[in-house]
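Below: the structure, in structure tokens.
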Amino acid sequence: MYCPNCGKKNDIDALFCENCGARLIIPASSAQPTPASAVSSAAQSTSSTAASEAPSASTSISVAPTAPEPGTRSAQHAQPRSTSELFWVILIVVLAVALGGGYYWLGHQRQSNSTATTTAKSSSRIATSEKAESSSSSKASASTATQTALWSTTKSSELASFMSSWQDTMNQSYEGTYDGQSVTIGELNLPSDIKNHQYQDKITVNGDTVKLKWTTAADTDAKYQVVAAATDPNASSGVITYLYVFHNGSPDVLVSQDSATATTFNFTSSQNTDLQDGFAKIANAD
């Protein structure tokens, strides 16, 4: 047989050219018929081969993914449900924290407001107490509180003029502090005894021991504010002594007719209306 490629002569049963290796074409006339036994053998071989390969197919089927069991399917469907439940749990926790925080804040605010109110009330009480103590201290440091002045040097001069005229009417002669003079009757010296608080055993009013305050302005809250004194040591009926006072804010003339040898001089409101009216007119003038 000749090689169709290189023309090399080869053996008749050669399948390939021994020179170039090309496949040799066997002539149709030389092809031998396939015996029936060979066909049968080939069929059996094919059947055997198919039978031997069947387990492999079975094996392939056995390793293929199996269908999910009902329990597994339920688990897969349960996944979204678990996510929903987690969402609600988180939401509940957040709400609980928010409510707890709000409750705490509200309680803290109430406590702060209560503390502030208590502090304010305490401060108010302290301020009131301090004010009261200050007021008490002021009253203690000053014997009397200052008020509107009821007397003045001008009124004192007017009283001197009035007494100068009135004593002529009464045919008497008075020495008075309104003239810048001191008044002395026995052991009583005015105004020094009243100014120096040495009058307690020497002066009574209506038989009672009273507190007297000598003042040139009558601007205190003392029960008896004395603004002037006068005496006529030569009176025929005995020593006549006057105290010109503001009794609880109202003008009044007190008179004593005790002798100069008396140790205590008792004063009462004068019954002389001219004297009372004259002093009141001066005292109440603006």
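Scheme for the structure tokens: letters A, B, ... for chains in order shown; per-chain residue numbers from 1; ligand numbers from 1 in order shown.
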Would you write out, as JSON lines, a table of all residues in stretch 217-236 of chain A that have an atom no more than 10 Å from an atom of stretch 243-251 of chain A, listing for each the closest atom pair and the distance in Å to one decimal, considering only C-alpha atoms and ordering rows by chain and rising residue number?
```
{"residue": "A:Ala218", "atom": "CA", "partner": "A:Phe246", "partner_atom": "CA", "distance": 7.3}
{"residue": "A:Asp219", "atom": "CA", "partner": "A:Gly249", "partner_atom": "CA", "distance": 9.2}
{"residue": "A:Thr220", "atom": "CA", "partner": "A:Gly249", "partner_atom": "CA", "distance": 9.1}
{"residue": "A:Asp221", "atom": "CA", "partner": "A:Asn248", "partner_atom": "CA", "distance": 7.6}
{"residue": "A:Ala222", "atom": "CA", "partner": "A:Asn248", "partner_atom": "CA", "distance": 7.3}
{"residue": "A:Lys223", "atom": "CA", "partner": "A:Asn248", "partner_atom": "CA", "distance": 5.0}
{"residue": "A:Tyr224", "atom": "CA", "partner": "A:His247", "partner_atom": "CA", "distance": 4.8}
{"residue": "A:Gln225", "atom": "CA", "partner": "A:Phe246", "partner_atom": "CA", "distance": 5.1}
{"residue": "A:Val226", "atom": "CA", "partner": "A:Val245", "partner_atom": "CA", "distance": 4.3}
{"residue": "A:Val227", "atom": "CA", "partner": "A:Tyr244", "partner_atom": "CA", "distance": 5.8}
{"residue": "A:Ala228", "atom": "CA", "partner": "A:Tyr244", "partner_atom": "CA", "distance": 5.1}
{"residue": "A:Ala229", "atom": "CA", "partner": "A:Leu243", "partner_atom": "CA", "distance": 4.6}
{"residue": "A:Ala230", "atom": "CA", "partner": "A:Leu243", "partner_atom": "CA", "distance": 6.8}
{"residue": "A:Thr231", "atom": "CA", "partner": "A:Leu243", "partner_atom": "CA", "distance": 9.0}
```
Please produce a file of those selected residues containing N, CA, C and O atoms, as a short mmCIF file (atom, residue, chain, number, x, y, z; two decimals), in the first residue's frame.
```cif
data_model
loop_
_atom_site.label_atom_id
_atom_site.label_comp_id
_atom_site.auth_asym_id
_atom_site.auth_seq_id
_atom_site.Cartn_x
_atom_site.Cartn_y
_atom_site.Cartn_z
N ALA A 218 -39.55 115.70 118.94
CA ALA A 218 -40.72 114.85 119.16
C ALA A 218 -40.92 113.90 117.98
O ALA A 218 -42.01 113.79 117.41
N ASP A 219 -39.85 113.21 117.62
CA ASP A 219 -39.89 112.30 116.47
C ASP A 219 -39.64 110.85 116.87
O ASP A 219 -39.15 110.05 116.09
N THR A 220 -40.00 110.49 118.10
CA THR A 220 -39.83 109.13 118.58
C THR A 220 -41.19 108.52 118.88
O THR A 220 -42.22 109.19 118.81
N ASP A 221 -41.20 107.22 119.22
CA ASP A 221 -42.46 106.56 119.56
C ASP A 221 -42.62 106.40 121.07
O ASP A 221 -43.42 105.58 121.53
N ALA A 222 -41.89 107.20 121.83
CA ALA A 222 -42.02 107.15 123.29
C ALA A 222 -43.43 107.61 123.70
O ALA A 222 -44.03 108.47 123.05
N LYS A 223 -43.93 107.03 124.77
CA LYS A 223 -45.28 107.36 125.22
C LYS A 223 -45.38 108.81 125.65
O LYS A 223 -46.36 109.51 125.35
N TYR A 224 -44.35 109.31 126.38
CA TYR A 224 -44.30 110.71 126.81
C TYR A 224 -43.04 111.36 126.25
O TYR A 224 -41.92 111.03 126.68
N GLN A 225 -43.22 112.24 125.27
CA GLN A 225 -42.10 112.99 124.71
C GLN A 225 -42.17 114.42 125.27
O GLN A 225 -43.11 115.16 124.98
N VAL A 226 -41.14 114.79 126.05
CA VAL A 226 -41.12 116.10 126.70
C VAL A 226 -40.32 117.06 125.83
O VAL A 226 -39.17 116.80 125.51
N VAL A 227 -40.96 118.21 125.46
CA VAL A 227 -40.29 119.17 124.59
C VAL A 227 -39.94 120.47 125.32
O VAL A 227 -39.12 121.25 124.82
N ALA A 228 -40.54 120.69 126.49
CA ALA A 228 -40.24 121.93 127.24
C ALA A 228 -40.71 121.79 128.68
O ALA A 228 -41.54 120.92 129.00
N ALA A 229 -40.16 122.64 129.56
CA ALA A 229 -40.56 122.68 130.97
C ALA A 229 -40.48 124.13 131.45
O ALA A 229 -39.67 124.92 130.94
N ALA A 230 -41.34 124.46 132.40
CA ALA A 230 -41.36 125.83 132.95
C ALA A 230 -41.79 125.78 134.41
O ALA A 230 -42.53 124.87 134.81
N THR A 231 -41.36 126.76 135.21
CA THR A 231 -41.75 126.80 136.62
C THR A 231 -41.84 128.26 137.09
O THR A 231 -41.16 129.13 136.58
#
```
*Test item: residues at most 8 Å from stretch 158-166 of chain A, only C-alpha atoms, excluding those fewer than 5 positions along its chain, as number ranges by chain*: A: 174, 176, 178-179, 275, 278-279, 282
*To one decimal place, how far is atom CA of A:Ala283 from atom CA of A:Ser269 in Å?*
16.2 Å
*asked:* Please determine, counting only C-alpha atoms, which residue among A:Ala235, A:Trp88, A:Asn284, A:Glu187 has the shortest atom-to-atom distance to A:Met170.
replied: A:Ala235
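Among the candidates A:Val89, A:Val253, A:Asp258, A:Thr169, the residue lying nearest to A:Ile203 is A:Asp258 (atoms considered: only C-alpha atoms).
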*asked:* One number please: atom CA of A:Ser259 to atom CA of A:Thr204, in Å, one decimal.
replied: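 Computed distance, atom CA of A:Ser259 to atom CA of A:Thr204, equals 14.6 Å.
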